[in-house]
$ cat protein-v8.cif   # mmCIF, C-alpha atoms
data_coords
#
loop_
_atom_site.label_atom_id
_atom_site.label_comp_id
_atom_site.auth_asym_id
_atom_site.auth_seq_id
_atom_site.Cartn_x
_atom_site.Cartn_y
_atom_site.Cartn_z
CA MET A 1225 0.00 0.00 0.00
CA GLN A 1226 1.30 3.43 -0.94
CA PRO A 1227 1.80 6.12 1.71
CA GLY A 1228 -0.87 8.76 2.28
CA LEU A 1229 -1.01 12.13 0.62
CA GLY A 1230 0.38 13.95 3.64
CA ILE A 1231 -0.25 14.80 7.27
CA ASN A 1232 -1.65 18.22 6.34
CA MET A 1233 -4.37 16.79 4.11
CA ILE A 1234 -7.87 17.97 5.09
CA ILE A 1235 -10.35 15.12 5.54
CA GLY A 1236 -13.89 16.42 5.92
CA MET A 1237 -17.53 15.50 5.49
CA SER A 1238 -20.53 16.98 3.69
CA THR A 1239 -23.84 17.73 5.35
CA ALA A 1240 -25.28 15.92 2.31
CA CYS A 1241 -24.46 12.67 4.15
CA PHE A 1242 -27.42 13.41 6.43
CA TYR A 1243 -29.92 14.60 3.82
CA PRO A 1244 -32.92 14.47 4.10
CA THR A 1245 -32.96 13.02 7.63
CA LEU A 1246 -31.40 16.11 9.23
CA TYR A 1247 -31.72 19.75 8.29
CA VAL A 1248 -28.41 21.35 7.37
CA GLU A 1249 -28.00 23.12 10.74
CA ASN A 1250 -28.61 19.87 12.62
CA ALA A 1251 -26.25 18.01 10.30
CA ALA A 1252 -23.55 20.59 11.04
CA GLN A 1253 -24.17 20.15 14.75
CA LYS A 1254 -24.03 16.37 14.47
CA MET A 1255 -20.69 16.53 12.66
CA GLY A 1256 -19.42 18.85 15.37
CA GLU A 1257 -20.41 16.25 17.96
CA MET A 1258 -18.55 13.66 15.85
CA ASN A 1259 -15.44 15.90 15.98
CA ILE A 1260 -15.32 16.37 12.21
CA PRO A 1261 -13.10 19.48 11.90
CA ASP A 1262 -13.83 20.42 8.26
CA ILE A 1263 -17.16 20.27 6.49
CA GLU A 1264 -19.00 21.11 3.29
CA VAL A 1265 -22.38 22.77 3.77
CA PHE A 1266 -24.98 21.55 1.29
CA PHE A 1267 -27.90 23.97 1.27
CA SER A 1268 -31.15 22.32 0.22
CA THR A 1269 -33.74 25.08 -0.08
CA LEU A 1270 -34.09 28.80 -0.80
CA SER A 1271 -34.84 29.81 2.81
CA GLU A 1272 -31.43 28.52 3.88
CA TYR A 1273 -29.69 31.26 1.85
CA LYS A 1274 -31.27 34.02 3.93
CA PRO A 1275 -29.01 36.09 6.25
CA ASP A 1276 -30.90 35.30 9.47
CA PHE A 1277 -30.73 31.57 8.82
CA VAL A 1278 -27.04 31.73 7.91
CA LYS A 1279 -26.26 33.59 11.14
CA GLU A 1280 -27.86 30.81 13.16
CA LEU A 1281 -26.02 28.19 11.12
CA LYS A 1282 -22.77 30.04 11.77
CA LYS A 1283 -23.45 29.83 15.51
CA LYS A 1284 -23.92 26.06 15.24
CA VAL A 1285 -20.64 25.75 13.36
CA ASP A 1286 -18.73 27.96 15.78
CA GLU A 1287 -19.98 26.02 18.80
CA HIS A 1288 -17.74 23.14 17.73
CA ASN A 1289 -14.93 25.19 16.12
CA THR A 1290 -15.82 23.62 12.79
CA ASN A 1291 -14.30 24.95 9.59
CA VAL A 1292 -16.64 25.31 6.60
CA PHE A 1293 -14.44 24.68 3.58
CA SER A 1294 -17.11 24.76 0.87
CA VAL A 1295 -20.77 25.44 0.20
CA HIS A 1296 -23.02 23.69 -2.27
CA ALA A 1297 -26.50 24.74 -3.41
CA LEU A 1298 -29.34 22.58 -4.69
CA SER A 1299 -28.44 23.32 -8.26
CA LEU A 1300 -31.72 22.85 -10.12
CA GLN A 1301 -33.30 25.67 -8.11
CA PHE A 1302 -31.38 28.32 -10.07
CA GLU A 1303 -28.00 27.26 -11.54
CA PRO A 1304 -29.29 26.29 -15.03
CA GLN A 1305 -30.76 29.78 -15.38
CA LEU A 1306 -27.33 31.34 -14.69
CA PHE A 1307 -26.54 30.36 -18.27
CA SER A 1308 -29.85 31.46 -19.77
CA SER A 1309 -29.95 33.92 -22.65
CA HIS A 1310 -33.27 35.15 -21.21
CA ALA A 1311 -32.09 38.26 -19.37
CA ARG A 1312 -34.80 38.40 -16.69
CA SER A 1313 -34.49 34.72 -15.85
CA ARG A 1314 -30.74 35.03 -15.62
CA GLN A 1315 -30.90 38.10 -13.40
CA ASP A 1316 -33.23 36.39 -10.93
CA SER A 1317 -30.87 33.41 -10.76
CA LEU A 1318 -27.89 35.74 -10.28
CA ASP A 1319 -29.66 37.27 -7.28
CA ILE A 1320 -29.98 33.82 -5.71
CA TYR A 1321 -26.41 32.91 -6.64
CA GLU A 1322 -25.15 36.02 -4.87
CA GLN A 1323 -27.17 35.12 -1.78
CA VAL A 1324 -25.36 31.78 -1.63
CA LEU A 1325 -22.00 33.53 -2.07
CA GLU A 1326 -22.89 35.89 0.76
CA ALA A 1327 -23.84 32.90 2.91
CA GLY A 1328 -20.56 31.20 2.04
CA ALA A 1329 -18.59 34.30 2.99
CA VAL A 1330 -20.35 34.51 6.37
CA LEU A 1331 -19.52 30.85 7.02
CA GLY A 1332 -15.90 31.37 5.96
CA ALA A 1333 -16.14 29.05 2.94
CA LYS A 1334 -13.32 29.06 0.40
CA VAL A 1335 -15.17 27.21 -2.38
CA TYR A 1336 -18.60 27.27 -4.04
CA VAL A 1337 -19.41 23.91 -5.68
CA MET A 1338 -21.49 24.29 -8.85
CA HIS A 1339 -23.34 21.68 -10.93
CA GLY A 1340 -24.32 24.08 -13.67
CA PRO A 1341 -27.02 23.36 -16.28
CA ALA A 1342 -28.51 19.90 -16.64
CA HIS A 1343 -28.52 17.84 -19.82
CA VAL A 1344 -32.26 17.29 -19.73
CA LYS A 1345 -32.87 16.14 -23.29
CA ARG A 1346 -31.07 12.82 -22.94
CA ALA A 1347 -32.32 11.60 -26.32
CA CYS A 1348 -30.22 14.31 -27.98
CA ALA A 1349 -26.44 14.31 -28.15
CA LEU A 1350 -24.72 16.74 -25.80
CA ASN A 1351 -23.10 19.30 -28.10
CA LEU A 1352 -21.74 22.13 -25.98
CA ASN A 1353 -20.96 25.64 -27.19
CA TYR A 1354 -17.86 26.33 -25.10
CA GLU A 1355 -17.58 29.96 -26.24
CA TYR A 1356 -21.08 30.55 -24.89
CA ILE A 1357 -20.29 28.70 -21.65
CA ALA A 1358 -17.11 30.73 -21.11
CA GLU A 1359 -18.95 34.00 -21.73
CA TYR A 1360 -21.45 33.21 -18.98
CA THR A 1361 -18.96 31.53 -16.63
CA ASP A 1362 -16.53 34.46 -16.44
CA PRO A 1363 -18.87 36.85 -14.56
CA LEU A 1364 -19.92 34.04 -12.18
CA ALA A 1365 -16.29 33.28 -11.34
CA ASP A 1366 -15.46 36.97 -10.93
CA MET A 1367 -18.46 37.54 -8.65
CA ALA A 1368 -17.37 34.63 -6.46
CA LYS A 1369 -13.88 36.11 -6.29
CA GLN A 1370 -15.32 39.32 -4.86
CA TYR A 1371 -16.48 37.26 -1.88
CA GLY A 1372 -13.12 35.51 -1.51
CA ILE A 1373 -14.57 32.27 -2.85
CA LYS A 1374 -13.39 29.98 -5.65
CA LEU A 1375 -16.05 28.88 -8.11
CA SER A 1376 -15.60 25.14 -8.51
CA TRP A 1377 -17.45 23.27 -11.26
CA GLU A 1378 -18.27 19.68 -10.26
CA ASN A 1379 -18.44 16.79 -12.68
CA VAL A 1380 -22.02 15.46 -12.74
CA HIS A 1381 -23.15 12.78 -15.14
CA TRP A 1382 -26.52 14.42 -15.90
CA CYS A 1383 -25.13 17.94 -16.37
CA TRP A 1384 -22.94 19.73 -18.91
CA TYR A 1385 -19.76 18.63 -17.14
CA ALA A 1386 -20.12 14.89 -17.70
CA ASN A 1387 -17.05 14.27 -19.86
CA PRO A 1388 -13.44 14.49 -18.60
CA ASP A 1389 -12.41 16.81 -21.47
CA PHE A 1390 -14.73 19.63 -20.31
CA PRO A 1391 -11.90 21.67 -18.65
CA GLU A 1392 -9.59 21.16 -21.61
CA LYS A 1393 -12.16 22.74 -23.91
CA LEU A 1394 -13.39 25.46 -21.54
CA ASN A 1395 -10.26 26.74 -19.78
CA PRO A 1396 -8.57 28.35 -22.83
CA LEU A 1397 -11.70 30.42 -23.49
CA LEU A 1398 -11.98 31.91 -20.00
CA SER A 1399 -10.81 35.37 -19.03
CA SER A 1400 -11.42 34.88 -15.31
CA ASP A 1401 -8.71 33.22 -13.20
CA ASN A 1402 -11.24 32.03 -10.62
CA LEU A 1403 -12.75 28.87 -12.11
CA TYR A 1404 -11.74 25.60 -10.45
CA TYR A 1405 -13.05 22.04 -10.29
CA THR A 1406 -14.56 19.56 -7.83
CA LEU A 1407 -14.21 15.83 -8.46
CA ASP A 1408 -17.04 13.48 -7.51
CA ILE A 1409 -16.19 9.77 -7.62
CA LYS A 1410 -19.71 8.37 -8.04
CA GLN A 1411 -20.57 10.93 -10.72
CA ALA A 1412 -17.49 9.94 -12.70
CA ALA A 1413 -18.51 6.29 -12.53
CA GLN A 1414 -22.10 7.09 -13.48
CA ALA A 1415 -20.79 8.95 -16.54
CA GLY A 1416 -18.82 5.84 -17.53
CA PHE A 1417 -15.32 7.07 -16.68
CA SER A 1418 -12.74 6.44 -13.99
CA PRO A 1419 -12.16 9.31 -11.54
CA SER A 1420 -8.49 9.37 -12.61
CA GLU A 1421 -9.52 10.50 -16.09
CA PHE A 1422 -11.12 13.60 -14.60
CA ILE A 1423 -8.12 14.32 -12.37
CA LYS A 1424 -5.81 14.50 -15.40
CA GLN A 1425 -7.94 17.18 -17.05
CA MET A 1426 -8.65 19.16 -13.89
CA GLY A 1427 -4.95 19.46 -13.17
CA GLN A 1428 -3.93 22.26 -10.82
CA ARG A 1429 -7.48 23.62 -10.82
CA LEU A 1430 -8.73 20.67 -8.76
CA VAL A 1431 -9.62 22.12 -5.34
CA ASN A 1432 -12.14 19.70 -3.86
CA VAL A 1433 -12.86 15.95 -3.90
CA HIS A 1434 -16.10 14.17 -2.98
CA VAL A 1435 -15.22 10.64 -1.96
CA CYS A 1436 -17.40 7.55 -1.76
CA ASP A 1437 -17.36 4.09 -3.30
CA TYR A 1438 -19.62 2.25 -5.71
CA SER A 1439 -20.42 -1.13 -7.19
CA ILE A 1440 -21.70 -1.81 -10.69
CA SER A 1441 -24.80 -3.94 -11.05
CA ASP A 1442 -26.31 -5.28 -14.28
CA ASN A 1443 -29.81 -4.27 -13.24
CA LYS A 1444 -29.13 -1.29 -10.93
CA GLY A 1445 -26.19 0.37 -12.67
CA VAL A 1446 -23.75 2.31 -10.48
CA VAL A 1447 -24.69 1.84 -6.82
CA PRO A 1448 -23.00 4.30 -4.37
CA LYS A 1449 -21.49 2.83 -1.20
CA LEU A 1450 -19.32 3.80 1.73
CA PRO A 1451 -15.61 4.04 0.86
CA PHE A 1452 -13.78 0.70 0.62
CA LEU A 1453 -17.01 -1.30 0.40
CA GLY A 1454 -17.35 -1.32 -3.38
CA ASP A 1455 -15.40 -1.77 -6.60
CA MET A 1456 -13.36 1.45 -6.51
CA ASP A 1457 -9.58 0.99 -6.64
CA PHE A 1458 -8.54 3.49 -4.01
CA ASP A 1459 -4.82 2.80 -4.40
CA VAL A 1460 -5.00 3.88 -8.06
CA PHE A 1461 -7.13 6.88 -7.11
CA ARG A 1462 -4.73 8.03 -4.40
CA ALA A 1463 -1.78 7.64 -6.77
CA ALA A 1464 -3.57 9.80 -9.36
CA LEU A 1465 -4.13 12.53 -6.77
CA LYS A 1466 -0.50 12.31 -5.76
CA ASP A 1467 0.68 12.56 -9.37
CA ALA A 1468 -1.47 15.68 -9.73
CA GLU A 1469 0.16 17.09 -6.56
CA TYR A 1470 -3.28 17.53 -5.05
CA ASP A 1471 -3.27 19.11 -1.60
CA GLY A 1472 -6.92 20.10 -1.17
CA PRO A 1473 -9.60 18.44 0.96
CA ILE A 1474 -11.09 14.98 0.72
CA MET A 1475 -14.78 15.30 1.59
CA LEU A 1476 -16.76 12.21 2.50
CA GLU A 1477 -20.07 12.53 0.64
CA VAL A 1478 -22.39 9.54 0.74
CA TYR A 1479 -26.14 9.05 0.79
CA ASN A 1480 -27.89 8.51 4.11
CA SER A 1481 -29.05 5.14 2.77
CA ASN A 1482 -25.41 3.99 2.53
CA TYR A 1483 -25.02 3.55 6.31
CA SER A 1484 -27.10 2.12 9.12
CA ASP A 1485 -26.20 4.53 11.92
CA TYR A 1486 -23.89 7.43 12.73
CA SER A 1487 -21.24 5.21 14.26
CA GLU A 1488 -20.87 3.41 10.94
CA LEU A 1489 -20.58 6.78 9.17
CA LEU A 1490 -17.92 7.93 11.63
CA ASP A 1491 -16.00 4.69 11.21
CA SER A 1492 -16.03 5.27 7.46
CA TYR A 1493 -14.73 8.81 7.93
CA ASN A 1494 -11.90 7.57 10.14
CA ARG A 1495 -10.97 4.90 7.61
CA VAL A 1496 -10.84 7.52 4.84
CA LYS A 1497 -8.68 9.72 7.03
CA LYS A 1498 -6.25 6.92 7.81
CA PHE A 1499 -5.98 5.94 4.14
CA PHE A 1500 -5.33 9.40 2.72
CA VAL A 1501 -3.37 10.98 5.56
CA GLY A 1502 -1.29 7.93 6.43
#
$ encode --input "protein-v8.cif" --output "structure tokens"
Amino acid sequence: MQPGLGINMIIGMSTACFYPTLYVENAAQKMGEMNIPDIEVFFSTLSEYKPDFVKELKKKVDEHNTNVFSVHALSLQFEPQLFSSHARSRQDSLDIYEQVLEAGAVLGAKVYVMHGPAHVKRACALNLNYEYIAEYTDPLADMAKQYGIKLSWENVHWCWYANPDFPEKLNPLLSSDNLYYTLDIKQAAQAGFSPSEFIKQMGQRLVNVHVCDYSISDNKGVVPKLPFLGDMDFDVFRAALKDAEYDGPIMLEVYNSNYSDYSELLDSYNRVKKFFVG
């Protein structure tokens, strides 16, 4: 077994692990009780972007000296419209996007994780206009920068960023220096690629990793699981991160159906920590 990525590696957990059983503020509190030092906050509804709610969430986080590394919004609420050519629709979505950035800044987040538009017409081939995407991405990245936050586009199999070559085609067309990438293991598998293929293209712009495991079933497809309980080759994955000189966080992000109780979830977190930190 290869050595870990380094003793300074951040190993965290997403509040998404508790969705929908716990509201985000209760999930943050639960992780504090579990002594998880670094977390990703996954907002799930529009009311959670409001200043009064964020202040209360900040209190919950501070009670346990928890660091919020990243924030994530429920993308279909507004992110597709950020790329709309319909000016009024886009402006309304920009207002919501800025609310999430403001919330992230209050929480001390360094990264905003974005899904972007969905590929809803699955019967049609996905032919992306990268010039158009860059034109609309630049102001989003620059706005995030004003709040001290990196805009990080996540690979998602049902969205525009489903293929590993997305950064290779988009990056040269950007004028902003504030677009980065988040790698999600299960989403890579669901798109039919290995996570390592995405790492190569993300390169030095990789700033966040969502870790889980999965198995592949003939009748169920890609089935997410807790790390080290599926078909994922974690030795190969860790080596790919090391080759890319990755030094960002590893965030445990699993579904609440993947574990039976919180002790099992905590055991999984500790196993991930031991594997990647060494």
$ closest_atom_pairs --input "protein-v8.cif" --of "region 1418-1490 of chain A" --to "region 1232-1252 of chain A" --cutoff "7 Å" --atoms "only C-alpha atoms" --output "JSON lines"
{"residue": "A:Asp1471", "atom": "CA", "partner": "A:Met1233", "partner_atom": "CA", "distance": 6.3}
{"residue": "A:Gly1472", "atom": "CA", "partner": "A:Ile1234", "partner_atom": "CA", "distance": 6.7}
{"residue": "A:Pro1473", "atom": "CA", "partner": "A:Ile1234", "partner_atom": "CA", "distance": 4.5}
{"residue": "A:Ile1474", "atom": "CA", "partner": "A:Ile1235", "partner_atom": "CA", "distance": 4.9}
{"residue": "A:Met1475", "atom": "CA", "partner": "A:Gly1236", "partner_atom": "CA", "distance": 4.6}
{"residue": "A:Leu1476", "atom": "CA", "partner": "A:Met1237", "partner_atom": "CA", "distance": 4.5}
{"residue": "A:Glu1477", "atom": "CA", "partner": "A:Ser1238", "partner_atom": "CA", "distance": 5.4}
{"residue": "A:Val1478", "atom": "CA", "partner": "A:Cys1241", "partner_atom": "CA", "distance": 5.1}
{"residue": "A:Tyr1479", "atom": "CA", "partner": "A:Cys1241", "partner_atom": "CA", "distance": 5.2}
{"residue": "A:Asn1480", "atom": "CA", "partner": "A:Cys1241", "partner_atom": "CA", "distance": 5.4}
$ write_last_selection --input "protein-v8.cif" --atoms "C-alpha atoms" --output "PDB file, in the coordinates of the input"
ATOM      1  CA  ASP A1471      -3.270  19.110  -1.600  1.00  0.00           C
ATOM      2  CA  GLY A1472      -6.920  20.100  -1.170  1.00  0.00           C
ATOM      3  CA  PRO A1473      -9.600  18.440   0.960  1.00  0.00           C
ATOM      4  CA  ILE A1474     -11.090  14.980   0.720  1.00  0.00           C
ATOM      5  CA  MET A1475     -14.780  15.300   1.590  1.00  0.00           C
ATOM      6  CA  LEU A1476     -16.760  12.210   2.500  1.00  0.00           C
ATOM      7  CA  GLU A1477     -20.070  12.530   0.640  1.00  0.00           C
ATOM      8  CA  VAL A1478     -22.390   9.540   0.740  1.00  0.00           C
ATOM      9  CA  TYR A1479     -26.140   9.050   0.790  1.00  0.00           C
ATOM     10  CA  ASN A1480     -27.890   8.510   4.110  1.00  0.00           C
TER      11      ASN A1480
END
$ resolve_selection --input "protein-v8.cif" --expression "the PyMOL selection byres ((chain A and resi 1290) around 8)" --output "VMD selection string"
chain A and resid 1256 1260 to 1263 1285 to 1289 1291 to 1292
$ write_last_selection --input "protein-v8.cif" --atoms "C-alpha atoms" --output "PDB file, keeping the file's coordinate frame"
ATOM      1  CA  GLY A1256     -19.420  18.850  15.370  1.00  0.00           C
ATOM      2  CA  ILE A1260     -15.320  16.370  12.210  1.00  0.00           C
ATOM      3  CA  PRO A1261     -13.100  19.480  11.900  1.00  0.00           C
ATOM      4  CA  ASP A1262     -13.830  20.420   8.260  1.00  0.00           C
ATOM      5  CA  ILE A1263     -17.160  20.270   6.490  1.00  0.00           C
ATOM      6  CA  VAL A1285     -20.640  25.750  13.360  1.00  0.00           C
ATOM      7  CA  ASP A1286     -18.730  27.960  15.780  1.00  0.00           C
ATOM      8  CA  GLU A1287     -19.980  26.020  18.800  1.00  0.00           C
ATOM      9  CA  HIS A1288     -17.740  23.140  17.730  1.00  0.00           C
ATOM     10  CA  ASN A1289     -14.930  25.190  16.120  1.00  0.00           C
ATOM     11  CA  ASN A1291     -14.300  24.950   9.590  1.00  0.00           C
ATOM     12  CA  VAL A1292     -16.640  25.310   6.600  1.00  0.00           C
TER      13      VAL A1292
END
$ axis_aligned_box --input "protein-v8.cif" --around "region 1276-1283 of chain A" --padding-each-side "8 Å" --output "JSON"
{"center_x": -26.8, "center_y": 31.7, "center_z": 11.7, "size_x": 24.1, "size_y": 23.1, "size_z": 23.6}
$ resolve_selection --input "protein-v8.cif" --expression "the PyMOL selection byres ((chain A and resi 1413) around 12)" --output "PyMOL selection string"
chain A and resi 1379-1382+1386-1388+1407-1412+1414-1422+1435-1440+1445-1448+1454-1457
$ residues_near_point --input "protein-v8.cif" --point "(-15.6, 25.7, 1.7)" --cutoff "9 Å" --atoms "all atoms listed in the file" --output "mmCIF file with C-alpha atoms, keeping the file's coordinate frame"
data_model
loop_
_atom_site.group_PDB
_atom_site.id
_atom_site.type_symbol
_atom_site.label_atom_id
_atom_site.label_comp_id
_atom_site.auth_asym_id
_atom_site.auth_seq_id
_atom_site.Cartn_x
_atom_site.Cartn_y
_atom_site.Cartn_z
ATOM 1 C CA ASP A 1262 -13.830 20.420 8.260
ATOM 2 C CA ILE A 1263 -17.160 20.270 6.490
ATOM 3 C CA GLU A 1264 -19.000 21.110 3.290
ATOM 4 C CA VAL A 1265 -22.380 22.770 3.770
ATOM 5 C CA ASN A 1291 -14.300 24.950 9.590
ATOM 6 C CA VAL A 1292 -16.640 25.310 6.600
ATOM 7 C CA PHE A 1293 -14.440 24.680 3.580
ATOM 8 C CA SER A 1294 -17.110 24.760 0.870
ATOM 9 C CA VAL A 1295 -20.770 25.440 0.200
ATOM 10 C CA HIS A 1296 -23.020 23.690 -2.270
ATOM 11 C CA GLY A 1328 -20.560 31.200 2.040
ATOM 12 C CA LEU A 1331 -19.520 30.850 7.020
ATOM 13 C CA GLY A 1332 -15.900 31.370 5.960
ATOM 14 C CA ALA A 1333 -16.140 29.050 2.940
ATOM 15 C CA LYS A 1334 -13.320 29.060 0.400
ATOM 16 C CA VAL A 1335 -15.170 27.210 -2.380
ATOM 17 C CA TYR A 1336 -18.600 27.270 -4.040
ATOM 18 C CA VAL A 1337 -19.410 23.910 -5.680
ATOM 19 C CA ILE A 1373 -14.570 32.270 -2.850
ATOM 20 C CA LYS A 1374 -13.390 29.980 -5.650
ATOM 21 C CA ASN A 1432 -12.140 19.700 -3.860
#
$ atom_distance --input "protein-v8.cif" --atom1 "CA of Tyr1273 (chain A)" --atom2 "CA of Tyr1404 (chain A)"
22.5 Å
$ residues_around --input "protein-v8.cif" --residues "Ala1342 (chain A)" --least-positions-apart "2" --cutoff "12 Å" --atoms "all atoms listed in the file" --output "number ranges by chain"
A: 1299-1307, 1338-1340, 1344-1346, 1350, 1352, 1379-1386
$ residues_around --input "protein-v8.cif" --residues "Asp1491 (chain A)" --least-positions-apart "3" --cutoff "12 Å" --atoms "all atoms listed in the file" --output "MDAnalysis selection string"
chainID A and resid 1258 1260 1450:1452 1476 1483:1488 1494:1498
$ closest_residue --input "protein-v8.cif" --among "A:Ala1468, A:Val1330, A:Leu1430, A:Ile1357" --to "Asp1276 (chain A)" --atoms "all atoms listed in the file"
A:Val1330
$ closest_residue --input "protein-v8.cif" --among "A:Met1367, A:Ile1423, A:Leu1270, A:Ala1358" --to "Ala1464 (chain A)" --atoms "only C-alpha atoms"
A:Ile1423
$ atom_distance --input "protein-v8.cif" --atom1 "CA of Val1433 (chain A)" --atom2 "CA of Asp1316 (chain A)"
29.7 Å
$ atom_distance --input "protein-v8.cif" --atom1 "CA of Tyr1354 (chain A)" --atom2 "CA of Phe1461 (chain A)"
28.6 Å
$ closest_residue --input "protein-v8.cif" --among "A:Leu1453, A:Leu1318, A:Leu1375, A:Leu1394" --to "Asn1353 (chain A)" --atoms "only C-alpha atoms"
A:Leu1394
$ resolve_selection --input "protein-v8.cif" --expression "the PyMOL selection byres ((chain A and resi 1278) around 10)" --output "list of chain:residue names"
A:Glu1249, A:Ser1271, A:Glu1272, A:Tyr1273, A:Lys1274, A:Pro1275, A:Asp1276, A:Phe1277, A:Lys1279, A:Glu1280, A:Leu1281, A:Lys1282, A:Lys1283, A:Lys1284, A:Val1324, A:Glu1326, A:Ala1327, A:Gly1328, A:Val1330, A:Leu1331
